[in-house]
file coords_14.csv (CSV, C-alpha atoms and all ligand atoms)
chain,number,residue,atom,x,y,z
A,106,MET,CA,-9.0,-20.7,-10.3
A,107,GLY,CA,-10.3,-19.6,-13.7
A,108,ARG,CA,-10.0,-16.1,-15.0
A,109,SER,CA,-13.6,-15.2,-14.5
A,110,SER,CA,-13.9,-16.7,-11.0
A,111,LYS,CA,-11.3,-14.1,-9.8
A,112,ASP,CA,-13.6,-11.4,-11.3
A,113,LYS,CA,-16.5,-12.9,-9.5
A,114,ARG,CA,-14.7,-12.8,-6.2
A,115,ASP,CA,-13.8,-9.2,-6.1
A,116,ILE,CA,-15.8,-6.3,-7.3
A,117,TYR,CA,-13.1,-3.6,-7.0
A,118,TYR,CA,-10.6,-5.9,-8.9
A,119,ARG,CA,-13.1,-5.9,-11.8
A,120,LEU,CA,-13.9,-2.2,-11.6
A,121,ALA,CA,-10.1,-1.5,-11.6
A,122,LYS,CA,-9.7,-3.3,-14.9
A,123,GLU,CA,-12.8,-1.7,-16.4
A,124,GLU,CA,-11.5,1.8,-15.5
A,125,GLY,CA,-7.9,1.1,-16.4
A,126,TRP,CA,-6.3,1.1,-12.9
A,127,ARG,CA,-3.3,-1.1,-12.4
A,128,ALA,CA,-4.5,-2.4,-9.1
A,129,ARG,CA,-7.8,-2.3,-7.1
A,130,SER,CA,-6.0,-0.3,-4.4
A,131,ALA,CA,-6.5,2.8,-6.5
A,132,PHE,CA,-10.1,3.0,-5.1
A,133,LYS,CA,-8.7,3.1,-1.6
A,134,LEU,CA,-6.8,6.3,-2.3
A,135,LEU,CA,-9.7,7.8,-4.3
A,136,GLN,CA,-12.1,7.0,-1.5
A,137,LEU,CA,-9.7,8.5,1.1
A,138,ASP,CA,-9.5,11.7,-1.1
A,139,HIS,CA,-13.2,11.8,-1.3
A,140,GLN,CA,-13.5,11.8,2.5
A,141,PHE,CA,-10.5,14.0,3.4
A,142,ASN,CA,-10.0,16.2,0.2
A,143,LEU,CA,-6.4,15.1,0.2
A,144,PHE,CA,-5.6,16.3,-3.3
A,145,SER,CA,-6.7,19.9,-3.0
A,146,GLY,CA,-3.9,22.4,-3.7
A,147,VAL,CA,-1.3,19.7,-4.0
A,148,ASN,CA,1.5,20.3,-6.6
A,149,ARG,CA,4.3,18.1,-5.3
A,150,ALA,CA,3.3,14.6,-4.3
A,151,VAL,CA,5.3,11.5,-3.4
A,152,ASP,CA,4.0,7.9,-3.7
A,153,LEU,CA,6.1,5.6,-1.4
A,154,CYS,CA,6.0,1.9,-2.2
A,155,ALA,CA,4.2,2.6,-5.4
A,156,ALA,CA,4.4,-0.5,-7.7
A,157,PRO,CA,2.6,-1.6,-9.7
A,158,GLY,CA,1.4,2.1,-9.7
A,159,SER,CA,-2.3,2.5,-9.2
A,160,TRP,CA,-1.9,5.2,-6.5
A,161,SER,CA,0.6,7.0,-8.8
A,162,GLN,CA,-2.0,6.7,-11.5
A,163,ALA,CA,-4.7,8.2,-9.3
A,164,LEU,CA,-2.3,11.1,-8.4
A,165,SER,CA,-1.4,11.6,-12.1
A,166,ARG,CA,-5.1,11.6,-13.2
A,167,LYS,CA,-6.3,13.8,-10.3
A,168,LEU,CA,-3.5,16.3,-9.8
A,169,ARG,CA,-2.2,17.1,-13.3
A,170,SER,CA,-3.9,19.9,-15.2
A,171,PRO,CA,-2.8,22.1,-18.1
A,172,SER,CA,-2.9,25.2,-15.8
A,173,THR,CA,-0.6,24.0,-12.9
A,174,GLU,CA,2.8,22.5,-12.8
A,175,VAL,CA,2.6,19.3,-10.8
A,176,LYS,CA,5.4,17.0,-9.9
A,177,ILE,CA,4.8,13.4,-8.8
A,178,VAL,CA,7.6,11.1,-7.6
A,179,ALA,CA,7.0,7.3,-7.1
A,180,VAL,CA,9.4,5.1,-5.2
A,181,ASP,CA,9.5,1.4,-5.0
A,182,LEU,CA,12.0,-1.4,-4.6
A,183,GLN,CA,10.6,-2.9,-7.8
A,184,ALA,CA,10.5,-1.6,-11.3
A,185,MET,CA,7.3,-0.1,-12.5
A,186,ALA,CA,5.9,0.6,-16.0
A,187,PRO,CA,6.1,4.4,-16.9
A,188,LEU,CA,3.2,6.7,-16.1
A,189,PRO,CA,2.5,10.1,-17.5
A,190,GLY,CA,3.8,12.9,-15.3
A,191,VAL,CA,5.3,10.5,-12.7
A,192,THR,CA,9.1,10.4,-12.1
A,193,GLN,CA,10.1,7.0,-10.8
A,194,ILE,CA,12.8,6.1,-8.4
A,195,GLN,CA,13.7,2.4,-8.0
A,196,GLY,CA,14.8,2.5,-4.4
A,197,ASP,CA,14.4,1.7,-0.7
A,198,ILE,CA,12.3,4.1,1.5
A,199,THR,CA,14.5,3.2,4.5
A,200,LYS,CA,17.5,5.0,2.9
A,201,VAL,CA,18.3,8.6,3.4
A,202,SER,CA,19.7,8.7,-0.2
A,203,THR,CA,16.1,8.0,-1.4
A,204,ALA,CA,14.9,11.1,0.4
A,205,GLN,CA,17.7,13.1,-1.1
A,206,GLU,CA,16.8,11.9,-4.6
A,207,ILE,CA,13.2,12.8,-4.1
A,208,ILE,CA,14.1,16.4,-3.0
A,209,ARG,CA,16.4,16.6,-6.1
A,210,HIS,CA,13.5,15.9,-8.3
A,211,PHE,CA,11.5,18.6,-6.6
A,212,GLU,CA,14.5,21.0,-7.1
A,213,GLY,CA,14.9,21.5,-3.4
A,214,GLN,CA,11.2,22.1,-2.6
A,215,PRO,CA,9.4,19.9,-0.1
A,216,ALA,CA,6.3,17.8,-1.0
A,217,ASN,CA,2.7,18.8,0.0
A,218,LEU,CA,1.5,15.2,0.1
A,219,VAL,CA,3.2,11.9,0.8
A,220,VAL,CA,1.2,8.7,0.5
A,221,CYS,CA,2.4,5.2,1.3
A,222,ASP,CA,0.6,1.9,0.6
A,223,GLY,CA,3.7,-0.1,1.5
A,224,ALA,CA,3.4,-3.7,2.4
A,225,PRO,CA,6.1,-6.2,3.0
A,226,ASP,CA,5.6,-9.8,1.8
A,227,VAL,CA,3.0,-11.3,4.1
A,228,THR,CA,4.3,-14.3,6.1
A,229,GLY,CA,0.8,-15.4,7.4
A,230,LEU,CA,2.1,-15.2,10.9
A,231,HIS,CA,0.0,-12.3,12.1
A,232,ASP,CA,2.3,-11.0,14.8
A,233,VAL,CA,5.2,-10.9,12.5
A,234,ASP,CA,3.2,-9.3,9.7
A,235,GLU,CA,2.0,-6.6,12.0
A,236,TYR,CA,5.4,-5.9,13.3
A,237,ILE,CA,7.0,-5.7,9.8
A,238,GLN,CA,4.1,-3.5,8.6
A,239,ALA,CA,4.7,-1.2,11.7
A,240,GLN,CA,8.4,-1.0,10.7
A,241,LEU,CA,7.6,0.0,7.2
A,242,LEU,CA,5.2,2.6,8.4
A,243,LEU,CA,7.9,4.1,10.7
A,244,ALA,CA,10.3,4.0,7.8
A,245,ALA,CA,7.7,5.9,5.7
A,246,LEU,CA,7.2,8.4,8.5
A,247,ASN,CA,11.0,8.9,8.8
A,248,ILE,CA,11.5,9.6,5.1
A,249,THR,CA,8.4,11.8,5.2
A,250,THR,CA,10.0,14.0,7.9
A,251,HIS,CA,12.8,14.7,5.4
A,252,ILE,CA,10.5,15.6,2.4
A,253,LEU,CA,7.2,17.0,3.7
A,254,THR,CA,6.4,20.7,4.0
A,255,PRO,CA,5.0,22.0,7.3
A,256,GLY,CA,1.2,21.8,7.0
A,257,GLY,CA,1.5,18.9,4.6
A,258,THR,CA,-0.4,15.6,4.6
A,259,PHE,CA,0.9,12.0,5.1
A,260,VAL,CA,-1.3,9.0,4.3
A,261,ALA,CA,-0.1,5.5,5.1
A,262,LYS,CA,-1.4,1.9,5.3
A,263,ILE,CA,-1.5,0.7,8.9
A,264,PHE,CA,-2.4,-2.7,10.4
A,265,ARG,CA,-4.7,-2.1,13.4
A,266,GLY,CA,-2.9,-4.7,15.5
A,267,LYS,CA,-2.2,-4.8,19.2
A,268,ASP,CA,0.5,-2.2,19.5
A,269,VAL,CA,-1.2,0.3,17.1
A,270,THR,CA,-1.5,3.0,19.8
A,271,LEU,CA,2.3,3.3,19.9
A,272,LEU,CA,2.2,4.2,16.2
A,273,TYR,CA,-0.6,6.7,16.7
A,274,SER,CA,1.4,8.3,19.5
A,275,GLN,CA,4.4,8.6,17.3
A,276,LEU,CA,2.4,10.1,14.4
A,277,LYS,CA,0.8,12.5,16.8
A,278,ILE,CA,4.2,13.9,17.6
A,279,PHE,CA,4.5,15.1,14.0
A,280,PHE,CA,0.9,15.9,12.9
A,281,SER,CA,-1.8,17.9,14.7
A,282,SER,CA,-4.5,15.7,13.2
A,283,VAL,CA,-4.3,11.9,12.9
A,284,THR,CA,-7.3,9.8,11.8
A,285,CYS,CA,-7.5,6.1,11.1
A,286,ALA,CA,-9.7,5.5,8.1
A,287,LYS,CA,-11.1,2.4,6.4
A,288,PRO,CA,-12.3,3.0,2.8
A,289,ARG,CA,-15.1,0.8,1.5
A,290,SER,CA,-12.7,-0.9,-1.0
A,291,SER,CA,-10.6,-2.2,1.9
A,292,ARG,CA,-12.0,-5.6,2.9
A,293,ASN,CA,-13.6,-5.7,6.4
A,294,SER,CA,-11.9,-9.0,6.9
A,295,SER,CA,-8.5,-7.3,6.7
A,296,ILE,CA,-6.9,-5.5,9.6
A,297,GLU,CA,-5.6,-3.0,7.0
A,298,SER,CA,-6.6,0.7,7.5
A,299,PHE,CA,-5.1,4.0,6.6
A,300,VAL,CA,-3.7,6.7,8.8
A,301,VAL,CA,-4.5,10.2,7.5
A,302,CYS,CA,-2.1,12.6,9.1
A,303,GLN,CA,-2.8,16.2,8.5
A,304,ASN,CA,-0.9,19.5,9.3
A,305,TYR,CA,2.7,18.3,9.5
A,306,SER,CA,4.1,20.2,12.5
A,307,PRO,CA,7.3,18.6,13.7
A,308,PRO,CA,8.5,19.5,17.3
A,309,GLU,CA,10.7,22.6,17.3
A,310,GLY,CA,14.3,21.8,16.5
A,311,TYR,CA,13.4,18.3,15.3
A,312,ILE,CA,16.2,16.9,13.1
A,313,PRO,CA,14.9,14.3,10.6
A,314,SER,CA,16.6,11.0,11.0
A,315,MET,CA,16.1,7.4,9.8
A,316,SER,CA,16.4,5.8,13.2
A,317,ASN,CA,13.6,3.6,14.3
A,318,PRO,CA,12.3,3.7,17.9
A,319,LEU,CA,10.6,0.3,17.6
A,320,LEU,CA,14.0,-1.3,17.1
A,321,ASP,CA,15.4,0.4,20.2
A,322,GLN,CA,15.4,-2.2,23.0
A,323,SER,CA,14.7,0.4,25.7
A,324,TYR,CA,11.1,0.5,24.5
A,325,ASP,CA,10.3,-2.5,26.7
A,326,VAL,CA,6.7,-1.5,27.5
A,327,ASP,CA,3.2,-3.0,26.9
A,328,PHE,CA,2.0,0.0,25.0
A,329,ASN,CA,-1.7,-0.8,25.5
A,330,GLN,CA,-1.1,-0.3,29.3
A,331,LEU,CA,-0.1,3.3,28.8
A,332,GLU,CA,-2.4,5.8,30.4
A,333,GLY,CA,-3.3,9.5,30.4
A,334,SER,CA,-1.3,11.7,28.1
A,335,ASN,CA,0.9,8.7,27.2
A,336,ARG,CA,-1.9,6.8,25.5
A,337,VAL,CA,-3.2,8.3,22.3
A,338,ILE,CA,-6.5,7.0,20.8
A,339,VAL,CA,-7.2,8.5,17.4
A,340,PRO,CA,-10.6,8.7,15.8
A,341,PHE,CA,-11.6,5.8,13.5
A,342,LEU,CA,-13.6,6.6,10.5
A,343,ALA,CA,-15.3,4.2,8.0
A,344,CYS,CA,-15.1,6.1,4.7
A,345,GLY,CA,-18.0,6.2,2.3
A,346,ASP,CA,-21.7,5.3,2.6
A,347,LEU,CA,-23.5,2.1,1.9
A,348,SER,CA,-24.0,3.0,-1.8
A,349,ALA,CA,-20.4,2.0,-2.5
A,350,PHE,CA,-19.6,-1.6,-3.4
A,351,ASP,CA,-18.9,-3.9,-0.4
A,352,SER,CA,-15.4,-5.3,-0.9
A,353,ASP,CA,-16.3,-8.4,1.1
A,354,ARG,CA,-19.3,-9.3,-0.9
A,355,THR,CA,-19.5,-11.5,-4.0
A,356,TYR,CA,-21.4,-9.8,-6.9
A,357,PRO,CA,-22.8,-11.5,-10.0
A,358,LEU,CA,-20.5,-11.3,-13.0
A,359,GLN,CA,-23.1,-9.4,-15.0
A,360,LEU,CA,-23.6,-6.3,-12.9
A,361,ASP,CA,-25.4,-4.3,-15.6
A,362,ALA,CA,-28.3,-6.3,-17.0
A,363,SER,CA,-28.1,-4.5,-20.3
A,364,LYS,CA,-24.5,-5.5,-21.0
A,365,GLU,CA,-23.0,-9.0,-21.3
A,366,TYR,CA,-20.1,-9.9,-19.0
A,367,GLU,CA,-16.8,-9.6,-20.8
A,368,TYR,CA,-13.4,-10.6,-19.3
A,369,ILE,CA,-10.9,-7.7,-19.3
A,370,PRO,CA,-7.2,-8.6,-18.7
A,371,PRO,CA,-5.3,-6.7,-16.0
A,372,THR,CA,-4.3,-3.1,-17.0
A,373,GLN,CA,-0.6,-3.5,-16.1
A,374,PRO,CA,0.7,-7.0,-15.3
A,375,PRO,CA,3.7,-6.9,-12.9
A,376,ILE,CA,7.0,-6.3,-14.8
A,377,ARG,CA,9.2,-8.8,-13.0
A,378,PRO,CA,7.0,-10.6,-10.4
A,379,PRO,CA,8.6,-13.0,-7.9
A,380,TYR,CA,6.6,-15.9,-9.4
A,381,GLU,CA,8.1,-15.3,-12.9
A,382,GLN,CA,10.6,-18.1,-12.5
A,383,ALA,CA,7.9,-20.5,-11.3
A,384,CYS,CA,5.8,-19.7,-14.4
A,385,HIS,CA,8.9,-20.3,-16.6
A,386,PHE,CA,9.5,-23.7,-14.9
A,387,ARG,CA,5.9,-24.7,-15.3
A,388,LYS,CA,5.7,-23.7,-18.9
A,389,HIS,CA,8.8,-25.7,-19.8
A,390,ASN,CA,7.7,-28.6,-17.6
A,391,LEU,CA,10.8,-28.2,-15.4
A,392,LEU,CA,8.9,-28.5,-12.1
A,393,SER,CA,8.5,-32.3,-12.1
A,394,ARG,CA,11.4,-34.6,-11.5
A,395,GLU,CA,10.2,-37.6,-13.4
A,396,ASP,CA,13.2,-39.8,-12.8
A,397,ALA,CA,13.0,-39.4,-9.1
A,398,HIS,CA,9.3,-40.0,-9.0
A,399,GLN,CA,9.5,-43.1,-11.2
A,400,SER,CA,12.2,-44.8,-9.2
A,401,HIS,CA,10.9,-43.7,-5.7
A,402,PRO,CA,7.2,-42.8,-5.9
A,403,GLN,CA,6.4,-40.5,-2.9
A,404,PRO,CA,3.1,-39.8,-1.3
A,405,ARG,CA,2.0,-36.1,-1.7
A,406,ARG,CA,3.0,-33.9,1.2
A,407,THR,CA,1.1,-30.9,2.4
A,408,GLY,CA,3.8,-29.1,4.4
A,409,THR,CA,7.5,-28.8,4.7
A,410,SER,CA,9.4,-31.5,6.6
A,411,GLN,CA,11.6,-29.1,8.6
A,501,LIG,N1,0.0,1.4,-3.9
A,501,LIG,C1,0.5,0.4,-4.9
A,501,LIG,C2,-0.5,0.4,-6.0
A,501,LIG,O1,-1.6,1.0,-5.9
A,501,LIG,O2,-0.2,-0.1,-7.1
A,501,LIG,C3,0.6,-1.0,-4.3
A,501,LIG,C4,1.7,-1.1,-3.3
A,501,LIG,S1,2.1,-2.8,-2.9
A,501,LIG,C5,0.7,-3.2,-1.9
A,501,LIG,C6,3.4,-2.7,-1.8
A,501,LIG,C7,4.7,-2.2,-2.4
A,501,LIG,O3,5.6,-1.9,-1.3
A,501,LIG,C8,5.4,-3.4,-3.2
A,501,LIG,O4,5.5,-3.0,-4.5
A,501,LIG,C9,6.8,-3.4,-2.5
A,501,LIG,O5,7.8,-3.5,-3.5
A,501,LIG,C10,6.9,-2.1,-1.8
A,501,LIG,N2,7.9,-2.0,-0.7
A,501,LIG,C11,8.0,-2.8,0.3
A,501,LIG,N3,9.0,-2.4,1.1
A,501,LIG,C12,9.6,-1.4,0.5
A,501,LIG,C13,10.7,-0.5,0.7
A,501,LIG,N4,11.5,-0.7,1.8
A,501,LIG,N5,11.1,0.5,-0.1
A,501,LIG,C14,10.3,0.7,-1.2
A,501,LIG,N6,9.2,-0.1,-1.6
A,501,LIG,C15,8.9,-1.1,-0.7

call {"tool": "encode", "arguments": {"input": "coords_14.csv", "output": "structure tokens"}}
result
Amino acid sequence: MGRSSKDKRDIYYRLAKEEGWRARSAFKLLQLDHQFNLFSGVNRAVDLCAAPGSWSQALSRKLRSPSTEVKIVAVDLQAMAPLPGVTQIQGDITKVSTAQEIIRHFEGQPANLVVCDGAPDVTGLHDVDEYIQAQLLLAALNITTHILTPGGTFVAKIFRGKDVTLLYSQLKIFFSSVTCAKPRSSRNSSIESFVVCQNYSPPEGYIPSMSNPLLDQSYDVDFNQLEGSNRVIVPFLACGDLSAFDSDRTYPLQLDASKEYEYIPPTQPPIRPPYEQACHFRKHNLLSREDAHQSHPQPRRTGTSQ
């Protein structure tokens, strides 16, 4: 795929480069803020699963001002290029030590806003992907219970899969308001949405922990069969109106008739991407095993043989 064909495919990808965002996902957080006023009065924010950093960029651009002291902490397993006003922790959100490190950066104070756009590497097996995403969301919720102030807000990516009502129920234990929101920049073809959980109010006497109820075998229930007070259905909101770009549509390269299309490289390429080694091999022609091919020419295969 050529460089401009990627631009043609995705309008938010192009807009992200034009406006200097590290990833198109910045628009998701900005559109959620537009709908829910997430950033109002926030002076301590945490971005969980932050790399390459477009959500942290959005927090940095929107929260920081000369008149208020704002602290932003970004956490990811992967290294991330520095951002103004953002403290980075290269760590795992499932570890209590990460929660302690965040609180240390806030000098013992809890955060007002925790956001998490976390995603594990997608396997393509939908049930597995949904399950792993749910695990990551619960890990994000667990760490949030260690670091969020009562009344605070938690926003996280969620896959609206078959057991999503269990997740809603768990979130409702901790937040008086839980809404599932789909920003315009999130493709309709994707099951991705975002839970916006407002007014953090943990049950009285709740002691934050990192344990995960979905891994507890005693939860052997079909959660969609739950009824009455055991079944929680949260409101679903499509954010934004039809004037915003549609992330599933293909737009012409030249959006503005008065300006000629110009390719803009990505704002911040990944620092150490998993495909780095493959690029190195390809560049140095180390991918082909000429000897083997010459002596035993093989037909091309499309899948693995195991
Ligand atoms: N919001 C980011 C942005 O706007 O640039 C994009 C986040 S990306 C979709 C998902 C990130 O989740 C990856 O960088 C991955 O390393 C991170 N991640 C996945 N599991 C994690 C974990 N257990 N702890 C910390 N980060 C994790």

call {"tool": "closest_residue", "arguments": {"input": "coords_14.csv", "among": "A:His231, A:Arg209, A:Arg354, A:Arg377", "to": "ligand LIG 501 (chain A)", "atoms": "all atoms listed in the file"}}
result
A:Arg377

call {"tool": "residues_near_ligand", "arguments": {"input": "coords_14.csv", "ligand": "ligand LIG 501 (chain A)", "cutoff": "10 Å", "atoms": "only C-alpha atoms and all ligand atoms", "output": "PyMOL selection string"}}
result
chain A and resi 126-134+152-163+179-185+194-200+203+220-226+237-238+240-242+244-245+261-262+373+375+378

call {"tool": "atom_distance", "arguments": {"input": "coords_14.csv", "atom1": "atom CA of Phe279 of chain A", "atom2": "atom CA of Lys167 of chain A"}}
result
26.6 Å

call {"tool": "residues_around", "arguments": {"input": "coords_14.csv", "residues": "Asn217 of chain A", "least_positions_apart": "5", "cutoff": "8 Å", "atoms": "all atoms listed in the file", "output": "ChimeraX atom specification"}}
result
/A:147-150,253-254,256-258

call {"tool": "atom_distance", "arguments": {"input": "coords_14.csv", "atom1": "atom CA of Leu230 of chain A", "atom2": "atom CA of Phe259 of chain A"}}
result
27.8 Å
